[in-house]
>>> print(open('run_21.csv').read())   # CSV, C-alpha atoms and all ligand atoms
chain,number,residue,atom,x,y,z
A,1,MET,CA,0.0,0.0,0.0
A,2,HIS,CA,3.0,2.2,0.4
A,3,MET,CA,2.5,3.9,-2.9
A,4,ARG,CA,-1.2,4.0,-3.3
A,5,PRO,CA,-2.3,7.3,-1.8
A,6,ASP,CA,0.3,9.2,-3.6
A,7,GLU,CA,-0.9,7.8,-6.9
A,8,GLY,CA,-4.4,9.2,-6.3
A,9,GLU,CA,-3.1,12.4,-8.0
A,10,GLY,CA,-1.7,10.6,-11.0
A,11,SER,CA,-4.8,8.8,-11.6
A,12,GLY,CA,-6.7,12.0,-12.2
A,13,GLY,CA,-5.8,11.9,-15.9
A,14,PRO,CA,-7.2,8.6,-17.0
A,15,MET,CA,-10.2,8.7,-14.7
A,16,ASN,CA,-11.1,12.1,-16.0
A,17,ALA,CA,-11.3,11.0,-19.5
A,18,ASP,CA,-13.3,8.0,-18.6
A,19,GLU,CA,-15.7,9.8,-16.4
A,20,ALA,CA,-16.2,12.5,-19.0
A,21,GLU,CA,-17.4,10.0,-21.5
A,22,VAL,CA,-19.8,8.5,-19.0
A,23,ARG,CA,-21.1,12.0,-18.3
A,24,GLN,CA,-21.6,12.7,-21.9
A,25,ARG,CA,-23.7,9.7,-22.4
A,26,ARG,CA,-25.9,9.8,-19.4
A,27,PRO,CA,-28.2,12.8,-20.0
A,28,MET,CA,-29.5,11.2,-23.2
A,29,ASP,CA,-30.3,8.0,-21.5
A,30,GLU,CA,-32.1,9.8,-18.8
A,31,GLU,CA,-34.2,12.0,-21.1
A,32,GLY,CA,-36.9,9.4,-21.5
A,33,ALA,CA,-36.6,7.9,-18.1
A,34,SER,CA,-37.1,11.1,-16.2
A,35,ALA,CA,-40.7,10.4,-15.6
A,36,GLU,CA,-39.9,7.2,-13.7
A,37,PRO,CA,-40.8,7.5,-10.1
A,38,ASP,CA,-37.3,6.5,-9.1
A,39,GLY,CA,-35.8,9.3,-11.2
A,40,ALA,CA,-33.4,6.6,-12.4
A,41,THR,CA,-30.8,9.3,-12.8
A,42,GLY,CA,-27.8,7.0,-12.6
A,43,THR,CA,-24.6,8.8,-12.2
A,44,SER,CA,-25.4,12.4,-11.8
A,45,THR,CA,-24.0,14.6,-14.4
A,46,GLN,CA,-21.9,17.7,-14.4
A,47,GLN,CA,-24.8,19.7,-15.8
A,48,ASP,CA,-27.2,19.0,-13.0
A,49,GLY,CA,-24.5,19.4,-10.4
A,50,HIS,CA,-26.3,22.3,-9.0
A,51,PHE,CA,-29.2,20.1,-8.1
A,52,GLU,CA,-27.2,17.6,-6.1
A,53,CYS,CA,-28.2,16.8,-2.6
A,54,ASN,CA,-25.7,18.3,-0.2
A,55,ILE,CA,-25.7,15.1,1.9
A,56,CYS,CA,-25.6,12.2,-0.5
A,57,LEU,CA,-24.0,14.1,-3.3
A,58,ASP,CA,-26.5,12.5,-5.7
A,59,THR,CA,-29.2,14.3,-7.6
A,60,ALA,CA,-31.7,15.3,-5.0
A,61,LYS,CA,-34.6,12.9,-4.7
A,62,ASP,CA,-37.8,14.1,-3.1
A,63,ALA,CA,-36.0,17.4,-3.1
A,64,VAL,CA,-36.6,20.0,-0.4
A,65,VAL,CA,-35.0,23.3,-0.1
A,66,SER,CA,-34.3,25.0,3.2
A,67,ARG,CA,-35.1,28.6,4.0
A,68,CYS,CA,-31.4,29.3,3.6
A,69,GLY,CA,-31.6,27.9,0.1
A,70,HIS,CA,-29.8,24.7,0.5
A,71,LEU,CA,-31.0,21.6,-1.4
A,72,PHE,CA,-31.4,18.2,0.0
A,73,CYS,CA,-33.2,14.9,-0.5
A,74,TRP,CA,-35.9,14.9,2.0
A,75,PRO,CA,-34.8,11.4,3.3
A,76,CYS,CA,-31.2,12.8,3.7
A,77,LEU,CA,-32.2,15.9,5.5
A,78,TYR,CA,-34.7,14.1,7.7
A,79,GLN,CA,-32.0,11.6,8.8
A,80,TRP,CA,-29.6,14.5,9.4
A,81,LEU,CA,-32.2,16.3,11.7
A,82,GLU,CA,-33.0,13.0,13.4
A,83,THR,CA,-29.4,12.3,14.3
A,84,ARG,CA,-29.1,15.6,16.2
A,85,PRO,CA,-32.5,16.6,17.6
A,86,ASN,CA,-30.8,19.2,19.8
A,87,ARG,CA,-29.1,21.1,17.1
A,88,GLN,CA,-31.4,21.5,14.1
A,89,THR,CA,-29.1,23.3,11.8
A,90,CYS,CA,-28.5,23.3,8.0
A,91,PRO,CA,-25.6,21.0,7.3
A,92,VAL,CA,-24.2,23.5,4.8
A,93,CYS,CA,-24.5,26.9,6.5
A,94,LYS,CA,-25.6,26.1,10.1
A,95,ALA,CA,-28.6,28.2,9.8
A,96,GLY,CA,-31.6,27.1,11.9
A,97,ILE,CA,-33.7,24.6,10.1
A,98,SER,CA,-36.7,22.5,10.9
A,99,LYS,CA,-38.8,19.8,9.3
A,100,ASP,CA,-41.6,22.3,9.0
A,101,ASN,CA,-39.8,25.1,7.3
A,102,VAL,CA,-38.4,23.4,4.3
A,103,ILE,CA,-40.0,23.7,1.0
A,104,PRO,CA,-40.7,20.7,-1.2
A,105,LEU,CA,-39.7,21.1,-4.9
A,106,TYR,CA,-41.8,19.5,-7.6
A,107,GLY,CA,-40.1,19.4,-11.0
A,108,ARG,CA,-42.0,19.0,-14.2
A,109,GLY,CA,-42.9,15.5,-15.0
A,110,SER,CA,-42.3,14.2,-11.5
A,111,SER,CA,-44.8,11.5,-11.2
A,112,ASN,CA,-45.3,12.0,-7.5
A,113,GLN,CA,-46.5,15.4,-6.4
A,114,GLN,CA,-46.9,14.3,-2.9
A,115,ASP,CA,-45.2,16.5,-0.4
A,116,PRO,CA,-42.0,14.6,0.3
A,117,ARG,CA,-42.2,15.5,4.0
A,118,GLU,CA,-45.3,13.4,4.3
A,119,LYS,CA,-43.4,10.3,3.2
A,120,LEU,CA,-41.0,10.4,6.0
A,121,PRO,CA,-41.7,10.1,8.9
A,122,PRO,CA,-44.4,7.7,8.1
A,123,ARG,CA,-47.6,9.4,9.2
A,124,PRO,CA,-51.0,7.9,9.5
A,125,GLN,CA,-52.8,8.5,6.2
A,126,GLY,CA,-55.2,11.3,6.3
A,127,GLU,CA,-58.8,10.2,6.1
A,128,ARG,CA,-60.6,10.6,2.8
A,129,PRO,CA,-64.3,10.4,3.4
A,130,GLU,CA,-66.6,9.8,0.4
A,131,PRO,CA,-68.1,12.9,-1.0
A,132,GLU,CA,-71.6,13.4,0.2
A,133,THR,CA,-74.0,11.8,-2.2
A,134,HIS,CA,-77.3,13.4,-1.1
A,135,GLY,CA,-78.8,10.1,-2.0
A,136,PRO,CA,-82.0,9.3,-0.1
A,137,PHE,CA,-80.7,6.2,1.4
A,138,HIS,CA,-79.1,7.7,4.3
A,139,ASN,CA,-82.6,8.2,5.7
A,140,PHE,CA,-83.0,4.5,5.8
A,141,GLY,CA,-79.7,3.8,7.2
A,142,LEU,CA,-78.8,1.6,4.2
A,143,GLY,CA,-75.2,1.4,3.1
A,144,ASP,CA,-73.9,1.4,-0.4
A,145,GLY,CA,-74.4,-2.3,-0.6
A,146,GLY,CA,-78.1,-2.0,-0.2
A,147,PHE,CA,-78.2,0.7,-2.8
A,148,GLN,CA,-76.4,-1.4,-5.4
A,149,MET,CA,-78.7,-4.3,-4.7
A,150,SER,CA,-81.9,-2.4,-5.1
A,151,PHE,CA,-80.9,-1.2,-8.5
A,152,GLY,CA,-80.0,-4.7,-9.4
A,153,ILE,CA,-83.7,-5.6,-8.8
A,154,GLY,CA,-84.7,-3.5,-11.7
A,155,ALA,CA,-84.5,0.1,-10.7
A,156,PHE,CA,-86.2,-0.4,-7.4
A,157,PRO,CA,-87.5,3.1,-6.8
A,158,PHE,CA,-85.9,4.1,-3.6
A,159,GLY,CA,-85.4,7.6,-4.8
A,160,PHE,CA,-89.1,8.0,-5.2
A,161,PHE,CA,-89.8,6.1,-2.2
A,162,ALA,CA,-87.7,8.5,-0.2
A,163,SER,CA,-89.3,11.5,-1.6
A,164,THR,CA,-92.8,10.2,-1.2
A,165,PHE,CA,-92.3,8.9,2.3
A,166,ASN,CA,-90.0,11.6,3.3
A,167,ILE,CA,-89.0,11.1,6.8
A,168,GLY,CA,-89.5,14.6,8.0
A,169,ASN,CA,-86.9,16.0,5.8
A,170,GLY,CA,-88.0,18.2,3.0
A,171,GLN,CA,-84.6,18.4,1.4
A,172,PHE,CA,-85.1,15.3,-0.7
A,173,GLY,CA,-88.5,16.2,-2.0
A,174,GLY,CA,-87.6,17.4,-5.5
A,175,HIS,CA,-84.3,15.9,-5.8
A,176,PRO,CA,-83.4,15.2,-9.4
A,177,PRO,CA,-82.4,11.8,-10.5
A,178,ARG,CA,-78.7,11.0,-9.8
A,179,PRO,CA,-76.8,12.1,-12.8
A,180,ASN,CA,-75.1,8.8,-13.3
A,181,VAL,CA,-78.3,6.9,-13.2
A,182,PRO,CA,-80.4,8.3,-16.0
A,183,GLN,CA,-84.1,7.4,-15.7
A,184,ASN,CA,-86.5,7.7,-18.5
A,185,PRO,CA,-90.2,8.3,-17.9
A,186,GLU,CA,-91.1,4.7,-18.5
A,187,GLU,CA,-88.6,3.6,-15.8
A,188,GLN,CA,-90.0,6.1,-13.5
A,189,PHE,CA,-93.5,4.8,-14.0
A,190,LEU,CA,-92.3,1.3,-13.4
A,191,SER,CA,-90.5,2.5,-10.4
A,192,LYS,CA,-93.7,3.9,-9.0
A,193,VAL,CA,-95.5,0.6,-9.7
A,194,PHE,CA,-92.8,-1.3,-7.9
A,195,LEU,CA,-92.8,1.2,-5.1
A,196,TRP,CA,-96.5,0.7,-4.5
A,197,VAL,CA,-96.1,-3.0,-4.7
A,198,ALA,CA,-93.3,-2.8,-2.2
A,199,VAL,CA,-95.3,-0.5,0.1
A,200,LEU,CA,-98.3,-2.8,-0.1
A,201,PHE,CA,-96.1,-5.8,0.6
A,202,MET,CA,-94.6,-4.1,3.6
A,203,PHE,CA,-98.0,-3.1,4.8
A,204,TRP,CA,-99.2,-6.6,4.4
A,205,LEU,CA,-96.2,-7.8,6.3
A,206,LEU,CA,-96.9,-5.4,9.1
A,207,MET,CA,-100.5,-6.4,9.3
A,208,ALA,CA,-99.8,-10.1,9.2
B,1,MET,CA,3.9,10.1,-14.6
B,2,ALA,CA,2.1,7.7,-12.4
B,3,SER,CA,-0.5,6.9,-14.9
B,4,GLN,CA,0.9,3.6,-16.0
B,5,ASN,CA,1.0,2.5,-12.4
B,6,ILE,CA,-2.6,3.4,-11.9
B,7,ASP,CA,-3.9,1.6,-14.9
B,8,PRO,CA,-4.4,-1.8,-13.2
B,9,MET,CA,-6.6,0.0,-10.7
B,10,LEU,CA,-9.0,1.2,-13.3
B,11,PRO,CA,-10.9,-2.0,-13.8
B,12,THR,CA,-11.3,-2.3,-10.1
B,13,MET,CA,-12.8,1.1,-10.1
B,14,GLN,CA,-15.3,0.3,-12.8
B,15,ASN,CA,-16.3,-2.9,-11.2
B,16,LYS,CA,-17.0,-1.1,-8.0
B,17,GLU,CA,-19.0,1.5,-9.9
B,18,LYS,CA,-21.2,-1.2,-11.3
B,19,LYS,CA,-21.7,-2.9,-8.0
B,20,VAL,CA,-22.6,0.4,-6.5
B,21,ASN,CA,-25.1,1.2,-9.2
B,22,ALA,CA,-26.7,-2.1,-8.6
B,23,THR,CA,-27.1,-1.4,-4.9
B,24,ARG,CA,-28.4,2.0,-5.7
B,25,ARG,CA,-31.5,0.5,-7.3
B,26,LYS,CA,-32.6,-0.7,-4.0
B,27,ASP,CA,-31.3,2.1,-1.8
B,28,GLY,CA,-30.6,5.4,-3.5
B,29,HIS,CA,-28.9,6.8,-0.6
B,30,SER,CA,-26.4,4.2,0.4
B,31,VAL,CA,-23.3,5.0,2.2
B,32,THR,CA,-21.3,3.2,-0.5
B,33,MET,CA,-22.7,5.5,-3.1
B,34,ARG,CA,-21.7,8.6,-1.3
B,35,LEU,CA,-18.2,7.2,-0.7
B,36,GLN,CA,-17.9,6.3,-4.3
B,37,ARG,CA,-18.8,9.8,-5.3
B,38,GLU,CA,-16.3,11.2,-2.9
B,39,LEU,CA,-13.6,9.0,-4.3
B,40,MET,CA,-14.5,10.3,-7.7
B,41,ASN,CA,-14.3,13.9,-6.5
B,42,VAL,CA,-11.0,13.3,-4.7
B,43,MET,CA,-9.5,11.8,-7.9
B,44,MET,CA,-10.9,14.4,-10.2
B,45,SER,CA,-9.8,17.3,-8.0
B,46,GLY,CA,-6.3,16.5,-9.1
B,47,SER,CA,-5.0,18.1,-5.9
B,48,THR,CA,-1.3,17.5,-5.2
B,49,GLU,CA,-1.7,18.6,-1.6
B,50,VAL,CA,-4.1,15.9,-0.4
B,51,SER,CA,-5.1,12.6,-1.7
B,52,ALA,CA,-7.0,9.5,-0.6
B,53,PHE,CA,-7.9,6.1,-1.8
B,54,PRO,CA,-9.7,3.1,-0.3
B,55,GLU,CA,-7.4,0.6,1.3
B,56,GLY,CA,-8.0,-2.7,-0.5
B,57,ASP,CA,-11.5,-3.6,-1.4
B,58,ASN,CA,-13.2,-2.1,1.6
B,59,ILE,CA,-14.6,1.3,0.7
B,60,PHE,CA,-15.2,2.0,4.3
B,61,LYS,CA,-11.5,2.2,5.0
B,62,TRP,CA,-9.3,4.7,3.2
B,63,ILE,CA,-5.7,5.8,3.4
B,64,GLY,CA,-5.2,9.5,3.0
B,65,THR,CA,-2.2,11.6,2.4
B,66,VAL,CA,-1.6,15.2,3.4
B,67,LYS,CA,1.5,17.1,2.5
B,68,GLY,CA,3.0,19.4,5.1
B,69,PRO,CA,1.9,22.9,4.2
B,70,LYS,CA,4.6,25.1,2.6
B,71,GLY,CA,6.1,27.7,4.8
B,72,THR,CA,5.5,25.6,8.0
B,73,VAL,CA,7.7,23.3,10.0
B,74,TYR,CA,6.0,20.4,8.2
B,75,GLU,CA,7.1,21.5,4.7
B,76,GLY,CA,8.6,18.7,2.7
B,77,LEU,CA,6.9,16.0,4.8
B,78,SER,CA,4.0,13.8,3.8
B,79,PHE,CA,1.6,12.4,6.3
B,80,LYS,CA,-0.5,9.3,5.8
B,81,LEU,CA,-3.8,8.9,7.6
B,82,THR,CA,-6.3,6.2,8.1
B,83,LEU,CA,-10.0,7.1,7.5
B,84,GLU,CA,-12.7,4.8,8.7
B,85,PHE,CA,-16.3,5.5,7.8
B,86,PRO,CA,-19.2,4.5,10.1
B,87,ALA,CA,-22.2,2.7,8.6
B,88,ASP,CA,-24.2,5.9,9.0
B,89,TYR,CA,-21.7,8.1,7.3
B,90,PRO,CA,-22.1,11.0,6.5
B,91,PHE,CA,-24.5,11.5,9.4
B,92,SER,CA,-21.6,10.6,11.7
B,93,ALA,CA,-18.0,11.7,11.2
B,94,PRO,CA,-15.3,9.3,10.0
B,95,THR,CA,-12.6,8.2,12.4
B,96,ILE,CA,-9.4,9.7,11.3
B,97,LYS,CA,-5.9,9.0,12.6
B,98,PHE,CA,-2.4,9.9,11.6
B,99,LYS,CA,-0.6,6.8,10.4
B,100,THR,CA,2.6,8.7,10.0
B,101,PRO,CA,3.9,9.8,13.4
B,102,CYS,CA,3.0,13.5,13.7
B,103,PHE,CA,4.4,15.8,16.4
B,104,HIS,CA,1.6,18.3,16.7
B,105,PRO,CA,-0.3,20.0,19.5
B,106,ASN,CA,-3.6,18.4,18.5
B,107,VAL,CA,-2.4,14.9,17.7
B,108,ASP,CA,-1.5,12.4,20.3
B,109,GLU,CA,1.1,9.6,20.2
B,110,GLN,CA,-1.4,7.1,18.8
B,111,GLY,CA,-2.2,9.5,16.0
B,112,ASN,CA,-5.6,10.5,17.3
B,113,ILE,CA,-6.6,14.0,16.2
B,114,CYS,CA,-8.5,16.7,18.1
B,115,LEU,CA,-10.4,18.7,15.5
B,116,ASP,CA,-13.8,20.1,16.1
B,117,ILE,CA,-15.2,19.3,12.7
B,118,LEU,CA,-14.5,15.6,13.3
B,119,LYS,CA,-16.3,15.8,16.6
B,120,GLU,CA,-19.0,18.1,17.7
B,121,LYS,CA,-18.9,20.3,14.7
B,122,TRP,CA,-19.3,17.5,12.2
B,123,SER,CA,-21.6,18.2,9.3
B,124,ALA,CA,-22.8,15.9,6.6
B,125,ILE,CA,-21.4,18.2,4.0
B,126,HIS,CA,-17.8,17.5,5.1
B,127,SER,CA,-16.1,15.2,2.7
B,128,VAL,CA,-12.8,13.3,2.5
B,129,SER,CA,-11.3,16.1,0.6
B,130,SER,CA,-12.6,18.9,2.8
B,131,ILE,CA,-11.4,17.0,5.9
B,132,LEU,CA,-8.0,16.5,4.5
B,133,VAL,CA,-7.7,20.1,3.5
B,134,SER,CA,-8.8,21.1,7.0
B,135,LEU,CA,-6.2,18.7,8.5
B,136,GLN,CA,-3.6,20.3,6.3
B,137,SER,CA,-4.4,23.7,7.6
B,138,LEU,CA,-4.5,22.3,11.2
B,139,LEU,CA,-0.9,21.3,10.7
B,140,GLY,CA,0.1,24.9,10.1
B,141,GLU,CA,-2.4,26.5,12.5
B,142,PRO,CA,-2.7,24.3,15.6
B,143,ASN,CA,-5.2,25.0,18.4
B,144,ASN,CA,-2.8,25.3,21.3
B,145,ASP,CA,-5.6,25.8,23.9
B,146,SER,CA,-6.7,22.2,24.1
B,147,PRO,CA,-3.6,20.2,23.3
B,148,LEU,CA,-3.4,16.5,23.0
B,149,ASN,CA,0.3,16.9,23.0
B,150,PRO,CA,1.2,19.4,25.6
B,151,LEU,CA,4.9,19.4,24.8
B,152,ALA,CA,4.1,20.3,21.2
B,153,ALA,CA,1.8,23.1,22.3
B,154,ASP,CA,4.5,24.5,24.6
B,155,THR,CA,7.2,24.3,22.0
B,156,TRP,CA,5.1,25.8,19.2
B,157,ASN,CA,6.4,29.3,19.7
B,158,ASN,CA,9.9,28.1,19.2
B,159,GLN,CA,9.6,27.1,15.6
B,160,ALA,CA,13.2,26.0,15.1
B,161,LYS,CA,13.0,23.7,18.2
B,162,PHE,CA,9.6,22.5,17.1
B,163,LYS,CA,10.9,21.5,13.7
B,164,GLU,CA,13.6,19.5,15.3
B,165,LEU,CA,11.1,17.7,17.5
B,166,VAL,CA,8.9,17.0,14.5
B,167,HIS,CA,11.7,15.1,12.8
B,168,GLU,CA,12.9,13.5,15.9
B,169,PHE,CA,9.4,12.3,16.7
B,170,LEU,CA,9.0,11.0,13.2
B,171,LYS,CA,12.2,9.1,13.3
B,172,LYS,CA,11.7,7.6,16.7
B,173,ASN,CA,8.1,6.5,16.1
B,174,SER,CA,8.6,5.3,12.5
B,175,LYS,CA,11.2,2.8,13.8
B,176,ASN,CA,8.8,1.5,16.4
B,177,LYS,CA,6.1,1.1,13.9
B,178,SER,CA,8.1,-0.6,11.2
B,179,SER,CA,9.4,-3.2,13.6
C,1,ZN,ZN,-29.5,13.1,-0.6
C,2,ZN,ZN,-28.2,26.4,4.7
>>> encode(input="run_21.csv", output="structure tokens", more="lines below")
Ligand SMILES: [Zn+2]
Ligand SMILES: [Zn+2]
Amino acid sequence: MHMRPDEGEGSGGPMNADEAEVRQRRPMDEEGASAEPDGATGTSTQQDGHFECNICLDTAKDAVVSRCGHLFCWPCLYQWLETRPNRQTCPVCKAGISKDNVIPLYGRGSSNQQDPREKLPPRPQGERPEPETHGPFHNFGLGDGGFQMSFGIGAFPFGFFASTFNIGNGQFGGHPPRPNVPQNPEEQFLSKVFLWVAVLFMFWLLMA
Amino acid sequence: MASQNIDPMLPTMQNKEKKVNATRRKDGHSVTMRLQRELMNVMMSGSTEVSAFPEGDNIFKWIGTVKGPKGTVYEGLSFKLTLEFPADYPFSAPTIKFKTPCFHPNVDEQGNICLDILKEKWSAIHSVSSILVSLQSLLGEPNNDSPLNPLAADTWNNQAKFKELVHEFLKKNSKNKSS
């Protein structure tokens, strides 16, 4: 090993040429791949050197920028801040920094526009309630399953049912048919027939 | 030129590069990747003052070289150091020691170094080259307030005497080490 470190200098020549070639080739390869979620950037190039993460030295992935203007991968910065909870400073300039005051960067074509800060640390997913349907079913306490089934039995007229037997809630009275379930007049008529049949049946059941 | 000597190393480098790229698919932020980049940077910097290269196949262990800064008592000398990188590098500092005996206020007999950026002032942006450059300036500008080598700290003001001790220390400890 006695000669190895000294030769680091000498090797600059051949390595340079070799590297330069790699760098020339890369950007073309990446052009098409840029939309991949992974980024698949391979060896980062000289051209995008300004967008290298200050910690891993690779092209910043899930990039965030601090208020002091320094660019990092969010995973890198997160790990950095985790390793020193008492001194939350920018690794580059030592400015104060916190997980909440970094800005995520979204480049064009990046497939994932999620705020990188929400990936790490793993947080419980936010709840995404279904948009309110204003369907009449809620009055009957029927779930979606019941709804689907009733339509399966030939447009069972719960909509009308609801409006006719409005349970003390006028809001549903003149509600138009659901846009995704177009009903022609004939169907509506059939619906009414079915409805009355159903009502009579229920009445009969009650009486029996 | 050393280039013909270095040629045999090139295939090794490229193999490593491939291996690293393969790892990267799984973990884009591997320590290996960062070290590989640093190696590239060190080699491309073409610096004649500092250099470094992995020792053998293990990229977590490097040998670095720092030339004694010009105009200091260390001028003309060349110091070898060992650099060991932790598994969570660069979030933790590497362990760096002088391999070549170094008589210096902030270096002890075992080669341990007292330098703030390697301890409490470590930052993930420090790199092998930046550390080696810092160490080179440390040679010329010791911190005599918290010495690891009190004799060196006391002698610093007498540069002629200090230079003598530097060479004496080097000779004495080199013999010990080579035996
Ligand atoms: Zn990074
Ligand atoms: Zn900063």
>>> closest_residue(input="run_21.csv", among="B:Thr100, B:Ser47, B:Asn112, B:Ser123", to="ligand ZN 2 (chain C)", atoms="only C-alpha atoms and all ligand atoms")
B:Ser123
>>> residues_near_ligand(input="run_21.csv", ligand="ligand ZN 2 (chain C)", cutoff="7 Å", atoms="all atoms listed in the file", output="number ranges by chain")
A: 66, 68-70, 90-95
>>> residues_near_ligand(input="run_21.csv", ligand="ligand ZN 1 (chain C)", cutoff="12 Å", atoms="only C-alpha atoms and all ligand atoms", output="number ranges by chain")
A: 44, 51-65, 70-80, 91; B: 27-31, 33-34, 90-91, 124-125
>>> closest_residue(input="run_21.csv", among="B:Ile113, B:Val73, B:Val133, B:Lys171", to="Asn158 in chain B", atoms="all atoms listed in the file")
B:Val73
>>> atom_distance(input="run_21.csv", atom1="CA of Phe79 in chain B", atom2="CA of Lys67 in chain B")
6.0 Å
>>> closest_residue(input="run_21.csv", among="B:Lys175, B:Lys61, B:His126, B:Lys70", to="chain A", atoms="all atoms listed in the file")
B:His126
>>> closest_residue(input="run_21.csv", among="B:Glu120, B:Glu84, B:Asp145, B:Asp154", to="chain A", atoms="all atoms listed in the file")
B:Glu120
>>> atom_distance(input="run_21.csv", atom1="CA of Phe53 in chain B", atom2="CA of Glu75 in chain B")
22.5 Å
>>> atom_distance(input="run_21.csv", atom1="CA of Thr32 in chain B", atom2="CA of Gln136 in chain B")
25.5 Å
>>> residues_around(input="run_21.csv", residues="Gln159 in chain B", least_positions_apart="2", cutoff="12 Å", atoms="all atoms listed in the file", output="PyMOL selection string")
chain B and resi 71-74+104+140+152-157+161-166
>>> closest_residue(input="run_21.csv", among="B:Phe169, B:Phe60, B:Phe98, B:Tyr89", to="chain A", atoms="only C-alpha atoms")
B:Tyr89
>>> closest_residue(input="run_21.csv", among="A:His50, A:Glu187, A:Gln88, A:Trp204", to="chain B", atoms="all atoms listed in the file")
A:Gln88
>>> residues_near_point(input="run_21.csv", point="(-9.0, 10.6, 7.9)", cutoff="12 Å", atoms="all atoms listed in the file", output="PyMOL selection string")
chain B and resi 50-54+60-66+79-85+93-100+111-115+117-118+126-136
